[in-house]
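Quick notes on the structure that follows.
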Amino acid sequence: MYAGKVVESGDVDAVLDRPGHPYTEGLIGSVPSRNKRGHALTQIPGMTPSLLNLPVGCAFRQRCRYADQVCETAPNITTQEDHRKIRCHHVVEAAVNA
Ligand code: SF4
């Protein structure tokens, strides 16, 4: 969930192994693990917006490295080929096509 909305749901292994939403990708990338030893952890820039003052369009837009003009319109949640549901205009392609 991000800013009060579900942004990704689906099979646990699929979501954890190949996150499809940029926020999920950032969260998973920020978790320390043995196989990341010596590598910098991912940081999601910025802060979670106030629910009283959400940005126009996608609520994650100001923190997302994939954001573009399309993201000024709020994305709907869509069902991917692997049945997971993701709320993003630019689903991380490698994640759902693996
Ligand atoms: S809709 Fe755009 S800003 Fe929002 S998560 Fe997807 S790519 Fe990022």
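Order determines the names: the first chain of the structure tokens is A, the second B, and so forth; residues in each chain are numbered 1 upward, and ligands are numbered 1 upward as they are shown.
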message = Using DSSP assignments from the backbone, pull out every residue in chain A that falls under helix (DSSP H, G or I) and give it to me as a count of residues only.
response = 28
inquiry  = Taking only C-alpha atoms and all ligand atoms into account, which residues have an atom no farther than 6 Å from ligand 1? I'd like them as a list of chain:residue names.
reply    =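 Result of the 6 Å neighbour search around ligand 1: A:Pro22, A:Cys58, A:Phe60, A:Arg61, A:Cys64, A:Tyr66, A:Ala67, A:Cys71, A:Pro75, A:Cys88, A:His89, A:His90.
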query = When distances are computed from only C-alpha atoms, which of A:Asn53, A:Thr48, A:Gln62, A:Thr78 shows the smallest separation from Ala3 (chain A)?
reply =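 Ranking A:Asn53, A:Thr48, A:Gln62, A:Thr78 by distance to Ala3 (chain A), first place goes to A:Thr48.
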request  = Identify all residues of chain A in strand (DSSP E) (DSSP on the backbone) and supply them as a list in words.
outcome  = Glu8, Ser9, Ile77, Thr78, Thr79, Lys85, Ile86 and Arg87 of chain A
query = Any idea what the distance is between CA of Val7 (chain A) and CA of Pro19 (chain A)?
reply =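 About the pair CA of Val7 (chain A) and CA of Pro19 (chain A): they are 10.8 Å apart.
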query = Using only C-alpha atoms, which residues sit within 10 Å of Thr79 (chain A) once same-chain residues fewer than 5 positions away are excluded, as a list in words?
reply =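 Once the adjacent positions are removed, what remains is Glu8, Ser9, Gly10, Arg84, Lys85, Ile86 and Arg87 of chain A.
As for CA of Val91 (chain A) and CA of Ala74 (chain A), they are spaced 13.7 Å apart.
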Residues near Gly29 (chain A), cut-off 12 Å, only C-alpha atoms, skip fewer than 6 positions along chain, as JSON, numbers by chain = {"A": [16, 17, 18, 19, 22, 23, 35, 36, 39, 40, 41, 42, 43, 44]}
Write the residues of the selection above to a file with C-alpha atoms, as an mmCIF file, in the first residue's frame.
```cif
data_model
loop_
_atom_site.group_PDB
_atom_site.id
_atom_site.type_symbol
_atom_site.label_atom_id
_atom_site.label_comp_id
_atom_site.auth_asym_id
_atom_site.auth_seq_id
_atom_site.Cartn_x
_atom_site.Cartn_y
_atom_site.Cartn_z
ATOM 1 C CA LEU A 16 8.931 -10.398 -3.407
ATOM 2 C CA ASP A 17 11.155 -11.865 -6.139
ATOM 3 C CA ARG A 18 10.109 -9.598 -9.023
ATOM 4 C CA PRO A 19 8.297 -6.513 -7.725
ATOM 5 C CA PRO A 22 8.213 1.012 -8.406
ATOM 6 C CA TYR A 23 7.349 1.466 -4.723
ATOM 7 C CA ASN A 35 23.355 -11.711 -0.983
ATOM 8 C CA LYS A 36 23.477 -7.884 -1.085
ATOM 9 C CA HIS A 39 26.217 -3.436 -2.404
ATOM 10 C CA ALA A 40 24.447 -0.188 -1.616
ATOM 11 C CA LEU A 41 20.819 -0.624 -0.570
ATOM 12 C CA THR A 42 18.120 1.153 -2.542
ATOM 13 C CA GLN A 43 16.817 4.397 -1.097
ATOM 14 C CA ILE A 44 13.451 5.812 -2.033
#
```
Pick from A:Met1, A:Leu54, A:Met47, A:Ala14, whichever lies nearest to Ile77 (chain A) using only C-alpha atoms =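 That would be A:Met1, the residue with the smallest distance to Ile77 (chain A).
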ask   = Any idea what the distance is between CA of Pro45 (chain A) and CA of Arg63 (chain A)?
value =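 Value for the CA of Pro45 (chain A)-CA of Arg63 (chain A) distance: 5.6 Å.
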